[in-house]
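Accompanying notes for the structure given below.
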Amino acid sequence: VVSHSGLARMLAVLVVAGALVPVSAQAQTGNVTGSVVAATTGQPVNGAQVSILGTTQGSLSNTNGRFLVTNVTAGTISLRVNYVGYGSQTQEVTVTSGGTVSADFRLEISAVNLDEIVVTGTAGAVERRKIGVSLASLDMASISEIQPMTSFGQAMEGRVPGLRSVGVVGGVGATRELRIRGTDSFSLGQRPVVYIDGVRVDSRGGEWATGGGLGSSSMTCCSFSGGAGEDRLSDLNPDEIDRIEIIKGPAAATLYGSEASGGVIQVFTKRGRANSPANFSLTTNVGFNQHRKNFPTSLRSQRDFGKDGFAAWDPNETLIQKGLINSYNLNVDGGGENITYFVSGGFNYEEGSVQPNDQKRGNLRVNLNWTVGDNFTVGVTSGYVRNRIQSLQSGNNWLGIYTNALLSNPRNATPEMPYGGGLDVNVLDAQAISTYSDADRWTGAVTLNYTPTSNLTHKATFGLDALNDQKSRILPFGKHYTYIGETGERNIGYRNARKFTADYLGNLNYDLPWFSGAFAFGAQTYWDVTSE
């Protein structure tokens with residue numbers, strides 16, 4: 001039998017003990033802080049990955065090169081720092097209960113960084129030295145320091161051995177030849193499969209709307225802009241991209257299906273930084289596009305005069321112009337202990353060297369990451385773009401501007417046909433055509449990471465890429481065009497594409513007395529719904 005006073009004393013003891021348990025447990029942790037700088041220049045390294053080996057804890061260095069890892073279990077730990085282009089470093093420190101220990105790193109430049117962590121070559125993140133396929137990676141920050149980038153295709157051009165990214169008609173926003181290691185299949189597409197933050201996206205390049213395909217017998221036929229069409233990869237804003245990973249050739253089909261026989265390109269957008277104040281970045285680019293004056297007009301043996309002594313115009317002097325490039329991008333990133341953010345907005349206006357041809361693109365992006373607990377994180381990415389392209393009439397096209405300028409007979413030149421005559425459509429009539437692609441697009445994903453133990457991880461990604469594209473072509477009244485004369489005509493087409501991605505991946509790392517390794521398991525699926 002317990003008296004009331006005895007029961008009260010027991011409850012008081014239990015309450016005090018319960019209050020002391022979390023205090024005692026909390027006192028067994030400390031903090032780790034420090035800096036990461038380049039050994040050669042002493043400049044801070046922004047975005048270096050700092051991790052505690054054997055745990056899921058870590059942080060990223062901020063713009064001042066500082067980092068902070070909180071709630072670290074007291075005792076001796078191993079800190080490791082990785083950054084693209086630099087060799088990794090490991091340092092042991094001793095964390096005391098309730099204290100803060102400092103660790104500073106000076107990274108050496110490494111031309112071939114085998115310690116770099118990549119995610120595209122295998123089922124899960126792994127060091128480059130451990131993968132068995134040819135994989136290339138591009139750090140966009142390093143590239144933009146050397147050369148300003150206004151398009152995704154330009155960022156890929158000439159930077160990865162075996163990858164071809166070349167404009168085929170010279171127009172702004174037009175489809176580029178994007179191919180890895182030549183032709184891989186006679187039946188499948190040659191373009192690599194493209195992922196953005198784990199979501200398979202529409203990367204179509206080429207013409208999809210044709211006059212005949214829209215069902216009117218009076219239409220002027222053929223492709224809207226000569227067959228080149230618009231490149232959906234021109235929707236990407238290079239200023240939002242952190243890095244790009246590329247698998248070359250059919251090795252990608254092992255993980256991504258037969259459609260990836262031409263390779264895989266993974267795009268990773270920027271993220272916020274933990275324990276960092278808001279960092280603002282404003283970038284502006286101003287320049288111009290101009291083709292080389294190499295139209296083959298020099299083959300004319302003498303200056304050709306048209307009717308009544310009118311001198312025919314030289315396409316090298318009159319068609320090739322300086323097209324304006326003007327872009328603005330504003331980014332802000334930062335975060336606290338549990339939530340990080342990256343927000344960006346950008347506008348790009350670019351004119352082609354042969355006009356009319358221009359692109360107006362606006363981009364918005366919000367990336368959030370929430371650390372729910374020591375072993376569970378939630379990431380959300382969301383990007384929107386509005387891209388309006390005035391396409392260049394070019395290529396193998398009877399409405400092509402420079403095609404007609406070169407094929408016209410300069411001896412028939414008049415003020416109304418300054419390049420010459422002899423064709424069904426003259427250059428000035430071709431330049432009066434308005435061909436537009438007006439696309440709006442949203443790409444977003446939710447990524448869940450769960451790490452119940454230091455050697456077992458689970459990752460699930462659910463995403464959607466939604467694209468709406470409207471194309472129109474207006475041949476103005478009063479101009480002469482084949483099949484319709486001078487009556488004028490408007491063609492219009494619609495294309496809607498939806499790509500749903502669901503992906504689960506588990507990784508188990510094991511270390512046995514005789515050997516160690518990793519075991520990956522998971523499943524991935526996607527739905528592709530397109531209507532034209």
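Labels for the structure tokens follow display order: chains A, B, ..., residues from 1 in each chain, ligands from 1.
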Please, which residues in range 433-489 of chain A fall within 12 Å of range 162-183 of chain A when counting only C-alpha atoms, and what is the closest atom pair and distance in Å to one decimal for each, ordered by chain then residue number, as JSON lines?
{"residue": "A:Tyr436", "atom": "CA", "partner": "A:Gly173", "partner_atom": "CA", "distance": 10.8}
{"residue": "A:Ser437", "atom": "CA", "partner": "A:Gly173", "partner_atom": "CA", "distance": 9.6}
{"residue": "A:Asp438", "atom": "CA", "partner": "A:Gly173", "partner_atom": "CA", "distance": 11.6}
{"residue": "A:Ala439", "atom": "CA", "partner": "A:Gly173", "partner_atom": "CA", "distance": 11.9}
Exercise for the section: Pick out the residues sitting within 12 Å of Asp308 in chain A, and hand them over as a PyMOL selection string; count only C-alpha atoms, and ignore anything fewer than 5 positions along from it in its own chain. Expected result: chain A and resi 411-415
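Counting from CA of Val160 in chain A, the distance to CA of Arg191 in chain A is 15.3 Å.
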Exercise for the section: Name all residues at most 9 Å from Ala497 in chain A (count only C-alpha atoms; drop same-chain ones fewer than 3 positions away) and give them as a ChimeraX atom specification. Expected result: /A:202,465-469,528-532
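Distances from A:Pro161, A:Ile389, A:Gly400, A:Ala445 to Glu351 in chain A were compared using only C-alpha atoms, and the smallest one belongs to A:Ile389.
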Practice task
Taking the DSSP assignment computed from this structure's backbone, write out as a PyMOL selection string all residues of range 257-477 of chain A that belong to strand (DSSP E or B).
Solution key: chain A and resi 264-269+276-289+305+311+323-335+339-351+358-373+376-390+409+421+434-453+456-475
Practice task
For Trp398 in chain A, please output as a list in words all residues within 10 Å (counting only C-alpha atoms; exclusion window: fewer than 3 positions along the same chain).
Solution key: Cys222, Ser225, Gly226, Gln393, Ser394, Gly395, Ile401, Thr403, Asn404, Leu423, Asp424, Val425, Asn426, Ala430, Tyr481 and Thr482 of chain A
Handout entry: Secondary structure check, helix (DSSP H, G or I) residues of range 326-480 of chain A, as a list in words
Key = Ile401, Tyr402, Thr403, Asn404, Ala405, Leu406, Leu407, Pro410, Arg411, Asn412, Val427, Leu428, Asp429, Ala430 and Gln431 of chain A
Print the selection's residues with C-alpha atoms to a file, as a short mmCIF file (atom, residue, chain, number, x, y, z; two decimals), in the first residue's frame.
data_model
loop_
_atom_site.label_atom_id
_atom_site.label_comp_id
_atom_site.auth_asym_id
_atom_site.auth_seq_id
_atom_site.Cartn_x
_atom_site.Cartn_y
_atom_site.Cartn_z
CA ILE A 401 14.74 33.91 -97.08
CA TYR A 402 18.40 33.38 -97.88
CA THR A 403 17.54 30.39 -100.11
CA ASN A 404 15.54 32.67 -102.39
CA ALA A 405 18.16 35.41 -102.18
CA LEU A 406 20.86 33.04 -103.48
CA LEU A 407 18.79 31.27 -106.12
CA PRO A 410 20.36 38.97 -110.19
CA ARG A 411 19.98 40.01 -113.87
CA ASN A 412 16.24 40.29 -113.26
CA VAL A 427 12.72 37.60 -100.72
CA LEU A 428 10.66 40.59 -99.55
CA ASP A 429 7.46 38.53 -99.65
CA ALA A 430 9.17 35.75 -97.68
CA GLN A 431 10.33 38.26 -95.06
#
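Rounded to one decimal, CA of Val199 in chain A and CA of Leu464 in chain A lie 6.7 Å from each other.
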Completion exercise
One residue among A:Gln290, A:Asp197, A:Thr100, A:Gly336 is nearest to Thr501 in chain A when using only C-alpha atoms, and that residue is A:Asp197
Problem - Distance query Thr525 in chain A at most 12 Å, only C-alpha atoms, self and fewer than 6 positions along chain excluded, as a ChimeraX atom specification - result: /A:198-200,255-257,460-463,499-505
Create the file for the chosen residues now, containing N, CA, C and O atoms and written as an mmCIF file, in the first residue's frame.
data_model
loop_
_atom_site.group_PDB
_atom_site.id
_atom_site.type_symbol
_atom_site.label_atom_id
_atom_site.label_comp_id
_atom_site.auth_asym_id
_atom_site.auth_seq_id
_atom_site.Cartn_x
_atom_site.Cartn_y
_atom_site.Cartn_z
ATOM 1 N N GLY A 198 15.420 14.923 -62.084
ATOM 2 C CA GLY A 198 14.818 13.608 -61.972
ATOM 3 C C GLY A 198 13.537 13.414 -62.748
ATOM 4 O O GLY A 198 12.941 12.333 -62.699
ATOM 5 N N VAL A 199 13.070 14.415 -63.497
ATOM 6 C CA VAL A 199 11.827 14.333 -64.258
ATOM 7 C C VAL A 199 12.152 14.268 -65.747
ATOM 8 O O VAL A 199 12.867 15.142 -66.274
ATOM 9 N N ARG A 200 11.649 13.244 -66.436
ATOM 10 C CA ARG A 200 11.852 13.162 -67.878
ATOM 11 C C ARG A 200 11.018 14.240 -68.557
ATOM 12 O O ARG A 200 9.819 14.379 -68.290
ATOM 13 N N LEU A 255 19.582 1.611 -67.679
ATOM 14 C CA LEU A 255 18.814 2.191 -66.590
ATOM 15 C C LEU A 255 17.588 2.962 -67.062
ATOM 16 O O LEU A 255 16.619 3.094 -66.310
ATOM 17 N N TYR A 256 17.623 3.478 -68.300
ATOM 18 C CA TYR A 256 16.587 4.410 -68.723
ATOM 19 C C TYR A 256 15.759 3.908 -69.898
ATOM 20 O O TYR A 256 14.971 4.660 -70.457
ATOM 21 N N GLY A 257 15.933 2.651 -70.304
ATOM 22 C CA GLY A 257 15.113 2.097 -71.361
ATOM 23 C C GLY A 257 15.704 2.282 -72.745
ATOM 24 O O GLY A 257 16.690 3.008 -72.943
ATOM 25 N N ALA A 460 12.444 8.635 -53.374
ATOM 26 C CA ALA A 460 11.289 8.562 -54.264
ATOM 27 C C ALA A 460 11.079 9.924 -54.914
ATOM 28 O O ALA A 460 11.134 10.962 -54.242
ATOM 29 N N THR A 461 10.853 9.919 -56.238
ATOM 30 C CA THR A 461 10.648 11.147 -56.994
ATOM 31 C C THR A 461 9.356 11.029 -57.796
ATOM 32 O O THR A 461 9.132 10.031 -58.486
ATOM 33 N N PHE A 462 8.523 12.074 -57.707
ATOM 34 C CA PHE A 462 7.288 12.153 -58.479
ATOM 35 C C PHE A 462 7.274 13.509 -59.175
ATOM 36 O O PHE A 462 7.394 14.547 -58.509
ATOM 37 N N GLY A 463 7.151 13.508 -60.508
ATOM 38 C CA GLY A 463 7.242 14.766 -61.229
ATOM 39 C C GLY A 463 6.376 14.816 -62.468
ATOM 40 O O GLY A 463 5.873 13.796 -62.958
ATOM 41 N N LYS A 499 4.400 14.591 -69.538
ATOM 42 C CA LYS A 499 5.270 13.486 -69.148
ATOM 43 C C LYS A 499 5.240 13.366 -67.622
ATOM 44 O O LYS A 499 5.675 14.273 -66.916
ATOM 45 N N PHE A 500 4.708 12.229 -67.136
ATOM 46 C CA PHE A 500 4.651 11.945 -65.707
ATOM 47 C C PHE A 500 5.783 10.975 -65.356
ATOM 48 O O PHE A 500 5.975 9.972 -66.043
ATOM 49 N N THR A 501 6.500 11.270 -64.292
ATOM 50 C CA THR A 501 7.630 10.436 -63.867
ATOM 51 C C THR A 501 7.427 9.996 -62.425
ATOM 52 O O THR A 501 7.097 10.810 -61.562
ATOM 53 N N ALA A 502 7.607 8.697 -62.175
ATOM 54 C CA ALA A 502 7.593 8.153 -60.819
ATOM 55 C C ALA A 502 8.800 7.230 -60.681
ATOM 56 O O ALA A 502 8.996 6.333 -61.505
ATOM 57 N N ASP A 503 9.597 7.467 -59.651
ATOM 58 C CA ASP A 503 10.852 6.737 -59.523
ATOM 59 C C ASP A 503 11.118 6.438 -58.049
ATOM 60 O O ASP A 503 10.971 7.314 -57.182
ATOM 61 N N TYR A 504 11.472 5.192 -57.762
ATOM 62 C CA TYR A 504 11.886 4.808 -56.410
ATOM 63 C C TYR A 504 13.243 4.117 -56.488
ATOM 64 O O TYR A 504 13.486 3.291 -57.373
ATOM 65 N N LEU A 505 14.120 4.447 -55.540
ATOM 66 C CA LEU A 505 15.453 3.862 -55.524
ATOM 67 C C LEU A 505 15.890 3.628 -54.087
ATOM 68 O O LEU A 505 15.791 4.514 -53.235
#
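The shell of residues at most 12 Å from range 40-42 of chain A, with only C-alpha atoms counted and near chain neighbours (fewer than 4 positions) removed, consists of Ser35, Val36, Asn64, Gly65, Tyr86, Asp104, Phe105, Arg106, Leu107, Glu108, Ile109 and Ser110 of chain A.
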